[in-house]
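K.L.:
Below is query34.txt; it holds compact mmCIF, C-alpha atoms and all ligand atoms.
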# COMPACT_ATOMS: atom_id res chain seq x y z
CA MET A 1 39.43 -0.11 -7.92
CA SER A 2 36.14 1.58 -7.06
CA ASP A 3 33.15 -0.45 -6.01
CA THR A 4 30.80 -1.13 -8.89
CA VAL A 5 27.12 -0.25 -8.58
CA PHE A 6 24.56 -1.26 -11.20
CA VAL A 7 22.24 1.56 -12.19
CA THR A 8 19.23 0.29 -14.10
CA GLY A 9 17.72 3.07 -16.15
CA GLY A 10 21.05 4.89 -16.04
CA ALA A 11 20.33 6.35 -19.49
CA GLY A 12 17.18 8.04 -18.18
CA TYR A 13 16.49 11.25 -16.31
CA ILE A 14 16.99 10.21 -12.69
CA GLY A 15 19.37 7.32 -13.43
CA SER A 16 21.81 9.53 -15.34
CA HIS A 17 21.90 12.00 -12.44
CA ALA A 18 22.44 9.05 -10.07
CA CYS A 19 25.45 7.91 -12.14
CA LYS A 20 26.98 11.36 -11.85
CA ALA A 21 26.42 11.42 -8.06
CA LEU A 22 27.80 7.90 -7.63
CA ARG A 23 30.93 8.73 -9.59
CA ALA A 24 31.42 11.89 -7.53
CA ALA A 25 31.08 9.78 -4.35
CA GLY A 26 33.81 7.37 -5.51
CA TYR A 27 31.70 4.49 -6.86
CA ALA A 28 31.87 3.01 -10.36
CA PRO A 29 28.37 3.13 -11.85
CA VAL A 30 27.48 0.70 -14.64
CA THR A 31 24.33 1.57 -16.58
CA LEU A 32 21.91 -1.21 -17.51
CA ASP A 33 19.28 0.12 -19.89
CA ASN A 34 17.24 -1.11 -22.85
CA LEU A 35 16.97 2.45 -24.27
CA SER A 36 13.20 2.11 -24.50
CA THR A 37 12.90 5.55 -22.95
CA GLY A 38 16.54 6.42 -22.18
CA TRP A 39 19.31 7.99 -24.26
CA GLU A 40 22.72 6.49 -24.84
CA ASP A 41 24.34 9.93 -24.87
CA ALA A 42 23.18 10.39 -21.24
CA VAL A 43 25.55 7.57 -20.18
CA LYS A 44 28.61 9.63 -19.33
CA PHE A 45 29.94 8.35 -16.03
CA GLY A 46 30.77 4.68 -16.58
CA PRO A 47 30.19 1.64 -18.80
CA PHE A 48 26.93 0.95 -20.57
CA GLU A 49 25.33 -2.48 -20.96
CA ARG A 50 22.28 -2.56 -23.20
CA GLY A 51 19.67 -5.16 -22.39
CA ASP A 52 16.23 -5.81 -21.00
CA LEU A 53 15.54 -6.60 -17.36
CA THR A 54 13.20 -9.41 -18.34
CA ASP A 55 16.21 -11.17 -19.97
CA ARG A 56 17.59 -13.35 -17.17
CA ALA A 57 20.45 -14.80 -19.22
CA TRP A 58 21.72 -11.30 -20.03
CA LEU A 59 21.40 -10.27 -16.38
CA ASP A 60 23.38 -13.33 -15.24
CA ASP A 61 26.13 -12.41 -17.73
CA VAL A 62 26.42 -8.79 -16.56
CA PHE A 63 26.38 -9.74 -12.87
CA ALA A 64 29.20 -12.23 -13.59
CA LYS A 65 31.13 -9.63 -15.60
CA TYR A 66 31.06 -6.80 -13.02
CA ALA A 67 30.31 -8.39 -9.59
CA PRO A 68 28.58 -5.21 -8.34
CA ILE A 69 28.32 -4.46 -4.62
CA ALA A 70 24.79 -3.08 -5.07
CA VAL A 71 21.98 -2.37 -7.50
CA MET A 72 20.17 0.94 -7.85
CA HIS A 73 16.99 0.17 -9.73
CA PHE A 74 15.44 3.11 -11.58
CA ALA A 75 14.34 1.51 -14.86
CA ALA A 76 10.56 1.70 -15.15
CA PHE A 77 7.72 3.17 -17.10
CA SER A 78 6.42 6.10 -15.09
CA GLN A 79 3.52 7.83 -16.79
CA VAL A 80 0.43 7.81 -14.63
CA GLY A 81 -1.96 8.55 -17.50
CA GLU A 82 -0.55 5.84 -19.77
CA SER A 83 -0.64 3.34 -16.91
CA MET A 84 -4.42 3.80 -16.78
CA THR A 85 -4.91 2.87 -20.43
CA ASP A 86 -2.17 0.23 -20.79
CA PRO A 87 -1.83 -1.54 -17.42
CA ALA A 88 -0.19 -4.64 -18.91
CA LYS A 89 2.74 -2.53 -20.09
CA TYR A 90 3.29 -1.41 -16.50
CA TRP A 91 2.88 -4.83 -14.88
CA ARG A 92 5.11 -6.55 -17.45
CA ASN A 93 7.95 -4.04 -17.46
CA ASN A 94 7.88 -2.67 -13.94
CA VAL A 95 6.95 -5.85 -12.07
CA VAL A 96 8.20 -8.75 -14.20
CA GLY A 97 11.40 -6.86 -15.07
CA SER A 98 12.03 -6.02 -11.40
CA LEU A 99 11.32 -9.57 -10.27
CA THR A 100 13.81 -10.93 -12.80
CA LEU A 101 16.41 -8.39 -11.70
CA VAL A 102 15.92 -9.20 -8.01
CA GLU A 103 16.22 -12.93 -8.69
CA ALA A 104 19.41 -12.38 -10.69
CA ALA A 105 20.88 -10.15 -7.95
CA VAL A 106 20.23 -12.74 -5.26
CA ALA A 107 21.61 -15.52 -7.46
CA ALA A 108 24.78 -13.43 -7.93
CA LYS A 109 24.95 -12.77 -4.15
CA CYS A 110 24.58 -9.05 -4.70
CA MET A 111 22.48 -8.41 -1.60
CA ASN A 112 22.23 -4.61 -1.48
CA PHE A 113 19.36 -3.14 -3.44
CA VAL A 114 18.12 0.46 -3.70
CA PHE A 115 14.68 0.81 -5.27
CA SER A 116 13.01 3.78 -6.84
CA SER A 117 9.39 3.75 -5.66
CA THR A 118 6.78 6.47 -5.63
CA CYS A 119 4.28 8.46 -3.62
CA ALA A 120 1.74 7.10 -6.14
CA THR A 121 1.75 3.95 -3.99
CA TYR A 122 -0.15 5.94 -1.33
CA GLY A 123 -3.06 6.89 -3.59
CA ASP A 124 -5.51 9.70 -3.04
CA GLN A 125 -5.69 10.41 0.69
CA ASP A 126 -7.41 13.70 1.17
CA ASN A 127 -5.43 16.43 2.84
CA VAL A 128 -3.07 14.28 4.81
CA VAL A 129 0.67 14.51 4.88
CA LEU A 130 1.90 11.10 3.80
CA ASP A 131 4.66 9.48 5.82
CA GLU A 132 6.28 6.09 5.46
CA ASN A 133 3.66 4.48 7.72
CA SER A 134 0.70 5.78 5.72
CA VAL A 135 -1.46 3.07 4.20
CA GLN A 136 -0.64 2.35 0.55
CA LEU A 137 -3.76 2.42 -1.64
CA PRO A 138 -2.61 3.19 -5.21
CA ILE A 139 -5.26 4.46 -7.61
CA ASN A 140 -3.30 3.92 -10.85
CA SER A 141 -1.44 0.99 -12.40
CA TYR A 142 1.87 2.82 -12.12
CA GLY A 143 1.54 3.09 -8.34
CA ALA A 144 0.25 -0.47 -8.11
CA SER A 145 3.22 -1.80 -10.07
CA LYS A 146 5.69 -0.02 -7.77
CA LYS A 147 3.88 -1.25 -4.65
CA ALA A 148 4.11 -4.80 -6.00
CA VAL A 149 7.90 -4.46 -6.33
CA GLU A 150 8.11 -3.18 -2.75
CA GLU A 151 6.35 -6.39 -1.68
CA ILE A 152 8.70 -8.51 -3.80
CA LEU A 153 11.67 -6.91 -2.03
CA ALA A 154 10.16 -7.60 1.40
CA ASN A 155 9.56 -11.23 0.44
CA PHE A 156 13.12 -11.62 -0.88
CA GLU A 157 14.47 -10.17 2.33
CA GLN A 158 12.49 -12.75 4.34
CA ALA A 159 13.57 -15.60 2.10
CA PHE A 160 17.18 -14.68 1.27
CA GLY A 161 18.21 -11.69 3.38
CA LEU A 162 18.17 -9.17 0.51
CA ASN A 163 18.97 -5.79 2.12
CA HIS A 164 17.02 -3.02 0.50
CA VAL A 165 16.30 0.66 0.76
CA ILE A 166 13.07 1.84 -0.83
CA PHE A 167 12.72 5.51 -1.74
CA ARG A 168 9.20 6.77 -2.35
CA TYR A 169 9.64 9.84 -4.53
CA PHE A 170 7.31 12.74 -4.64
CA ASN A 171 7.59 14.91 -7.81
CA VAL A 172 11.13 14.94 -9.12
CA ALA A 173 12.12 18.12 -10.96
CA GLY A 174 15.11 20.23 -11.98
CA CYS A 175 18.35 19.13 -13.60
CA ASP A 176 22.07 18.99 -13.03
CA PRO A 177 23.04 22.67 -12.50
CA GLU A 178 26.08 22.03 -14.72
CA ALA A 179 23.71 20.78 -17.46
CA GLU A 180 25.86 17.69 -18.14
CA VAL A 181 22.69 15.60 -17.86
CA GLY A 182 19.07 16.64 -17.77
CA GLU A 183 15.47 15.69 -18.38
CA PHE A 184 14.27 14.57 -21.76
CA HIS A 185 11.27 12.30 -22.16
CA GLN A 186 9.73 11.36 -25.46
CA PRO A 187 6.85 12.05 -25.28
CA GLU A 188 7.13 14.54 -22.44
CA THR A 189 4.31 14.38 -19.89
CA HIS A 190 5.70 16.18 -16.85
CA LEU A 191 4.54 19.58 -15.74
CA ILE A 192 7.75 21.62 -15.58
CA PRO A 193 9.33 20.58 -18.92
CA LEU A 194 5.96 20.98 -20.66
CA MET A 195 5.62 24.42 -19.15
CA LEU A 196 9.09 25.38 -20.35
CA ASP A 197 8.10 24.15 -23.82
CA ALA A 198 5.08 26.47 -23.68
CA ILE A 199 7.23 29.38 -22.49
CA SER A 200 9.80 28.86 -25.26
CA GLY A 201 7.16 28.45 -27.96
CA LYS A 202 7.97 24.78 -28.58
CA ARG A 203 4.34 24.12 -27.67
CA ASP A 204 1.38 26.44 -28.04
CA ALA A 205 0.30 26.30 -24.40
CA LEU A 206 0.34 24.36 -21.16
CA THR A 207 -2.91 22.59 -20.40
CA ILE A 208 -3.76 22.59 -16.71
CA PHE A 209 -5.33 19.21 -15.98
CA GLY A 210 -8.32 20.07 -13.85
CA THR A 211 -9.23 23.30 -12.07
CA ASP A 212 -12.05 21.88 -9.94
CA TYR A 213 -10.04 19.94 -7.35
CA ASP A 214 -10.72 20.47 -3.68
CA THR A 215 -7.66 22.68 -3.19
CA PRO A 216 -7.38 26.45 -2.54
CA ASP A 217 -6.99 27.32 -6.25
CA GLY A 218 -8.68 24.23 -7.71
CA THR A 219 -5.50 22.66 -9.16
CA CYS A 220 -3.60 19.59 -7.94
CA ILE A 221 -0.95 19.94 -5.27
CA ARG A 222 2.40 18.18 -5.47
CA ASP A 223 5.63 18.14 -3.46
CA TYR A 224 8.57 18.85 -5.79
CA VAL A 225 12.08 17.60 -5.02
CA HIS A 226 15.23 18.47 -6.97
CA VAL A 227 16.72 15.52 -8.82
CA CYS A 228 20.21 16.30 -7.43
CA ASP A 229 18.91 16.21 -3.85
CA LEU A 230 17.04 13.02 -4.70
CA VAL A 231 20.07 11.16 -6.06
CA GLY A 232 22.11 12.47 -3.12
CA ALA A 233 19.70 10.57 -0.88
CA HIS A 234 20.37 7.43 -2.94
CA VAL A 235 24.10 7.68 -2.27
CA LEU A 236 23.29 8.00 1.44
CA GLY A 237 20.94 5.01 1.12
CA LEU A 238 23.72 2.98 -0.44
CA LYS A 239 26.06 3.88 2.43
CA TRP A 240 23.28 2.96 4.86
CA LEU A 241 23.15 -0.52 3.34
CA MET A 242 26.94 -0.89 3.17
CA ASP A 243 27.07 0.05 6.87
CA GLY A 244 24.76 -2.90 7.56
CA LYS A 245 21.87 -0.79 8.82
CA GLY A 246 19.28 -3.03 7.18
CA SER A 247 16.19 -2.53 5.06
CA ARG A 248 14.29 0.71 5.35
CA VAL A 249 11.71 2.82 3.50
CA PHE A 250 12.21 6.57 3.06
CA ASN A 251 9.98 9.20 1.50
CA LEU A 252 11.80 11.80 -0.57
CA GLY A 253 9.97 15.10 -0.67
CA THR A 254 10.20 18.44 1.08
CA GLY A 255 6.96 18.43 3.05
CA GLN A 256 5.80 21.50 1.13
CA GLY A 257 3.11 21.30 -1.54
CA PHE A 258 2.59 23.58 -4.53
CA SER A 259 -0.44 23.75 -6.79
CA VAL A 260 -0.10 23.64 -10.58
CA ARG A 261 -1.00 27.34 -10.69
CA GLU A 262 1.71 28.14 -8.14
CA VAL A 263 4.29 26.29 -10.26
CA VAL A 264 3.13 28.31 -13.28
CA ASP A 265 3.48 31.56 -11.33
CA HIS A 266 7.00 30.66 -10.18
CA SER A 267 7.96 29.83 -13.76
CA ARG A 268 6.80 33.22 -14.96
CA ALA A 269 8.93 34.82 -12.25
CA VAL A 270 12.05 32.71 -12.90
CA THR A 271 12.03 33.02 -16.68
CA ASN A 272 10.51 36.48 -16.82
CA MET A 273 8.34 35.21 -19.65
CA ASP A 274 4.66 34.47 -20.11
CA VAL A 275 3.21 30.95 -19.80
CA PRO A 276 0.30 30.45 -22.21
CA ILE A 277 -2.33 28.41 -20.34
CA ILE A 278 -5.36 26.34 -21.32
CA GLU A 279 -7.63 25.16 -18.52
CA GLY A 280 -8.46 21.54 -19.36
CA GLU A 281 -10.15 18.45 -17.97
CA ARG A 282 -8.77 16.32 -15.17
CA ARG A 283 -6.26 13.63 -16.16
CA ALA A 284 -7.30 10.09 -15.21
CA GLY A 285 -5.33 8.69 -12.28
CA ASP A 286 -4.27 12.04 -10.78
CA CYS A 287 -4.49 12.42 -7.00
CA THR A 288 -5.67 15.73 -5.54
CA LYS A 289 -2.72 16.26 -3.24
CA LEU A 290 0.54 14.41 -2.61
CA VAL A 291 2.75 15.92 0.07
CA SER A 292 5.52 14.09 1.87
CA GLY A 293 6.21 13.66 5.52
CA SER A 294 9.94 13.46 5.00
CA GLU A 295 11.58 13.76 8.40
CA ARG A 296 12.79 10.17 8.33
CA ALA A 297 15.29 10.72 5.52
CA VAL A 298 16.54 13.91 7.17
CA VAL A 299 16.88 12.42 10.65
CA GLU A 300 18.06 8.90 9.86
CA LEU A 301 20.01 9.30 6.62
CA GLY A 302 21.28 12.79 7.35
CA TRP A 303 19.71 13.99 4.09
CA THR A 304 19.97 17.75 3.62
CA PRO A 305 18.24 18.90 0.44
CA THR A 306 19.74 22.15 -0.82
CA ARG A 307 18.14 22.82 -4.23
CA SER A 308 14.58 21.58 -3.65
CA ASN A 309 12.91 24.97 -3.92
CA LEU A 310 10.83 25.91 -6.96
CA LYS A 311 13.15 28.73 -7.97
CA ASP A 312 16.25 26.51 -8.27
CA MET A 313 14.34 23.60 -9.78
CA ILE A 314 12.79 25.74 -12.50
CA ALA A 315 16.00 27.74 -13.09
CA ASP A 316 18.07 24.55 -13.49
CA ALA A 317 15.45 22.98 -15.78
CA TRP A 318 15.30 26.20 -17.82
CA ARG A 319 19.10 26.27 -18.21
CA TRP A 320 19.03 22.68 -19.49
CA HIS A 321 16.04 23.44 -21.68
CA GLN A 322 17.91 26.32 -23.31
CA SER A 323 21.12 24.35 -23.79
CA GLY A 324 21.53 22.55 -27.10
CA HIS A 325 21.38 19.19 -25.30
CA TYR A 326 17.63 19.35 -24.97
CA GLU A 327 16.95 19.01 -28.69
CA LYS A 328 17.25 15.40 -29.83
N1 LIG A 401 -0.07 18.62 -15.03
C1 LIG A 401 -0.80 19.55 -15.75
N2 LIG A 401 -0.55 19.68 -17.08
C2 LIG A 401 0.40 18.95 -17.74
C3 LIG A 401 1.16 18.00 -16.99
C4 LIG A 401 0.89 17.87 -15.63
O1 LIG A 401 -1.65 20.24 -15.21
O2 LIG A 401 0.55 19.10 -18.95
C5 LIG A 401 -0.33 18.47 -13.60
C6 LIG A 401 -0.77 17.07 -13.21
O3 LIG A 401 -2.17 16.94 -13.31
C7 LIG A 401 -0.26 16.99 -11.77
C8 LIG A 401 0.99 17.85 -11.77
O4 LIG A 401 0.89 18.69 -12.92
O5 LIG A 401 -1.18 17.57 -10.89
C9 LIG A 401 2.27 17.05 -11.87
O6 LIG A 401 2.15 16.14 -12.96
P1 LIG A 401 3.37 15.36 -13.53
O7 LIG A 401 2.89 14.59 -14.74
O8 LIG A 401 4.52 16.29 -13.73
O9 LIG A 401 3.80 14.35 -12.37
P2 LIG A 401 2.93 13.23 -11.58
O10 LIG A 401 2.32 13.95 -10.41
O11 LIG A 401 1.92 12.66 -12.52
O12 LIG A 401 3.96 12.24 -11.17
Would you write the structure of this file as structure tokens?
Ligand code: UDP

P.N.:
Amino acid sequence: MSDTVFVTGGAGYIGSHACKALRAAGYAPVTLDNLSTGWEDAVKFGPFERGDLTDRAWLDDVFAKYAPIAVMHFAAFSQVGESMTDPAKYWRNNVVGSLTLVEAAVAAKCMNFVFSSTCATYGDQDNVVLDENSVQLPINSYGASKKAVEEILANFEQAFGLNHVIFRYFNVAGCDPEAEVGEFHQPETHLIPLMLDAISGKRDALTIFGTDYDTPDGTCIRDYVHVCDLVGAHVLGLKWLMDGKGSRVFNLGTGQGFSVREVVDHSRAVTNMDVPIIEGERRAGDCTKLVSGSERAVVELGWTPTRSNLKDMIADAWRWHQSGHYEK
């Protein structure tokens, strides 16, 4: 029998791709999801248990039922803008839910934990490449909530020996090239799917949030990483823990930043279609530039991203966007 791995948020964008990668690597993923933002039809690679991470009794039941060897924890609210207007939502779900999950894992003696964190924990640090030793100064509640969970994990390691790998993601993009799973948020807030909506006429235009940033073309710079490369790193992180290599933090990005306008230009080239644009105001909580120093994952985990270039990310997202799956 394959080793069971819990995947919280397995019905969501990154979690569903992680389930596919885990299955391909010989693990048995079990999705835990409350379907607040996920989709049951995205759970294709193993059992589904519906419940909320703040529900300790439910968690104790599912840990007893499956005895997983590890937890991969993706479930979280992740919209920077919303986190600025509704911080309680982020602290309750992302922090209280994670704390309850970590307590339940330790109680069940499941001592291997992979956590989905974010470059938003670093905050707005002008024109520096951010590596794992950079100071963490989040400027939005989303980043603050993820940083708090990182601290919870460190404390639980000190107290109980909880082994954990923390991945700080830069901007995750693209989809499964086979379009078995993909990206669908309701409402959608992310740049590439919104742009594809504008290209396909599903929306009137893409609004660029701010053109007066201190960057060469005035728009924000981000480091985009393909979701398949990202979840591949998680499988390596799981092996790292199973090999007893201990707790570690890894950035996941490419080290290359692209402005919003550059992403728009690439999308025009990939789709061969026009992107209607509106130049709008800045969005609260946005950092000017987030670019990863990502050698650690390459050197220590042996991570070799293969699809994290804008052309493949946009082409894969476009294929998914044009498949019937995208319409819910
Ligand atoms: N962005 C934009 N228009 C949109 C959505 C996003 O200009 O409709 C910009 C946003 O300001 C940021 C970048 O695109 O600079 C990536 O934003 P996204 O929401 O995709 O990810 P985030 O960086 O917030 O995690």

K.L.:
Quick one: residues within 8 Å of range 63-72 of chain A, only C-alpha atoms counted, chain neighbours fewer than 3 positions away excluded, as a ChimeraX atom specification?

P.N.:
/A:3-8,59-60,104-105,108,110-116,238

K.L.:
Taking all atoms listed in the file into account, which of A:Glu281, A:Glu180, A:Asp286, A:Asp55 comes nearest ligand LIG 401 (chain A)?

P.N.:
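For ligand LIG 401 (chain A), the nearest of the given residues is A:Asp286.
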
K.L.:
Identify the residues within 12 Å of coordinate (15.0, 15.8, -19.4) (same frame as the file), considering all atoms listed in the file, and give the answer as a ChimeraX atom specification.

P.N.:
/A:11-17,37-39,42,172-176,179-194,196-197,227,316-323,325-328

K.L.:
Quick one: everything within 12 Å of Pro216 in chain A, counting only C-alpha atoms, minus sequence neighbours fewer than 4 positions away in the same chain. Send it as an mmCIF file with C-alpha atoms, keeping the file's coordinate frame.

P.N.:
data_model
loop_
_atom_site.group_PDB
_atom_site.id
_atom_site.type_symbol
_atom_site.label_atom_id
_atom_site.label_comp_id
_atom_site.auth_asym_id
_atom_site.auth_seq_id
_atom_site.Cartn_x
_atom_site.Cartn_y
_atom_site.Cartn_z
ATOM 1 C CA ASN A 127 -5.430 16.430 2.840
ATOM 2 C CA THR A 211 -9.230 23.300 -12.070
ATOM 3 C CA ASP A 212 -12.050 21.880 -9.940
ATOM 4 C CA CYS A 220 -3.600 19.590 -7.940
ATOM 5 C CA ILE A 221 -0.950 19.940 -5.270
ATOM 6 C CA GLY A 257 3.110 21.300 -1.540
ATOM 7 C CA PHE A 258 2.590 23.580 -4.530
ATOM 8 C CA SER A 259 -0.440 23.750 -6.790
ATOM 9 C CA VAL A 260 -0.100 23.640 -10.580
ATOM 10 C CA ARG A 261 -1.000 27.340 -10.690
ATOM 11 C CA GLU A 262 1.710 28.140 -8.140
ATOM 12 C CA THR A 288 -5.670 15.730 -5.540
ATOM 13 C CA LYS A 289 -2.720 16.260 -3.240
#

K.L.:
Please compute the CA of Gly26 in chain A-CA of Val43 in chain A distance, one decimal, in Å.

P.N.:
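CA of Val43 in chain A lies 16.8 Å from CA of Gly26 in chain A.
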
K.L.:
Counting only C-alpha atoms, note down every residue that has an atom within 12 Å of the point (2.0, -6.2, -13.6) (file coordinates), as a ChimeraX atom specification.

P.N.:
/A:76-77,83,86-99,140-149

K.L.:
Would you please work out which residue, of A:Thr100, A:Thr207, A:Ser294, A:Thr31, is nearest to Leu252 in chain A when using only C-alpha atoms?

P.N.:
A:Ser294

K.L.:
Of the candidates A:His234, A:Ala57, A:Glu300, A:Ile314, which one gets nearest to Arg268 in chain A if we count all atoms listed in the file?

P.N.:
A:Ile314

K.L.:
When you get a chance, write out N, CA, C and O atoms for range 88-104 of chain A, as a CSV table (one decimal), in the frame of the given file.

P.N.:
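rebuild.csv was written with the following content:
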chain,number,residue,atom,x,y,z
A,88,ALA,N,-1.1,-3.5,-18.7
A,88,ALA,CA,-0.2,-4.6,-18.9
A,88,ALA,C,1.2,-4.2,-19.1
A,88,ALA,O,2.2,-4.8,-18.7
A,89,LYS,N,1.4,-3.1,-19.8
A,89,LYS,CA,2.7,-2.5,-20.1
A,89,LYS,C,3.5,-2.3,-18.8
A,89,LYS,O,4.7,-2.5,-18.6
A,90,TYR,N,2.7,-1.8,-17.8
A,90,TYR,CA,3.3,-1.4,-16.5
A,90,TYR,C,3.6,-2.7,-15.7
A,90,TYR,O,4.6,-2.8,-15.0
A,91,TRP,N,2.7,-3.6,-15.7
A,91,TRP,CA,2.9,-4.8,-14.9
A,91,TRP,C,4.0,-5.7,-15.5
A,91,TRP,O,4.9,-6.2,-14.8
A,92,ARG,N,4.1,-5.7,-16.8
A,92,ARG,CA,5.1,-6.6,-17.4
A,92,ARG,C,6.5,-5.9,-17.2
A,92,ARG,O,7.4,-6.6,-16.8
A,93,ASN,N,6.6,-4.7,-17.5
A,93,ASN,CA,8.0,-4.0,-17.5
A,93,ASN,C,8.3,-3.8,-16.0
A,93,ASN,O,9.4,-4.2,-15.6
A,94,ASN,N,7.5,-3.1,-15.3
A,94,ASN,CA,7.9,-2.7,-13.9
A,94,ASN,C,7.9,-3.8,-12.9
A,94,ASN,O,8.8,-3.8,-12.1
A,95,VAL,N,7.0,-4.8,-13.1
A,95,VAL,CA,7.0,-5.8,-12.1
A,95,VAL,C,7.7,-7.1,-12.5
A,95,VAL,O,8.6,-7.5,-11.8
A,96,VAL,N,7.5,-7.6,-13.7
A,96,VAL,CA,8.2,-8.8,-14.2
A,96,VAL,C,9.7,-8.4,-14.4
A,96,VAL,O,10.6,-9.2,-14.0
A,97,GLY,N,10.0,-7.3,-14.9
A,97,GLY,CA,11.4,-6.9,-15.1
A,97,GLY,C,12.1,-6.8,-13.7
A,97,GLY,O,13.2,-7.3,-13.5
A,98,SER,N,11.4,-6.2,-12.7
A,98,SER,CA,12.0,-6.0,-11.4
A,98,SER,C,12.2,-7.4,-10.7
A,98,SER,O,13.2,-7.6,-10.1
A,99,LEU,N,11.2,-8.2,-10.9
A,99,LEU,CA,11.3,-9.6,-10.3
A,99,LEU,C,12.5,-10.3,-10.8
A,99,LEU,O,13.3,-11.0,-10.1
A,100,THR,N,12.7,-10.2,-12.2
A,100,THR,CA,13.8,-10.9,-12.8
A,100,THR,C,15.1,-10.4,-12.3
A,100,THR,O,16.1,-11.1,-12.0
A,101,LEU,N,15.2,-9.0,-12.2
A,101,LEU,CA,16.4,-8.4,-11.7
A,101,LEU,C,16.7,-8.8,-10.3
A,101,LEU,O,17.9,-9.1,-9.9
A,102,VAL,N,15.7,-8.8,-9.4
A,102,VAL,CA,15.9,-9.2,-8.0
A,102,VAL,C,16.4,-10.6,-7.9
A,102,VAL,O,17.3,-11.0,-7.2
A,103,GLU,N,15.8,-11.5,-8.7
A,103,GLU,CA,16.2,-12.9,-8.7
A,103,GLU,C,17.7,-13.1,-9.1
A,103,GLU,O,18.5,-13.8,-8.5
A,104,ALA,N,18.0,-12.3,-10.2
A,104,ALA,CA,19.4,-12.4,-10.7
A,104,ALA,C,20.4,-11.8,-9.7
A,104,ALA,O,21.5,-12.4,-9.5
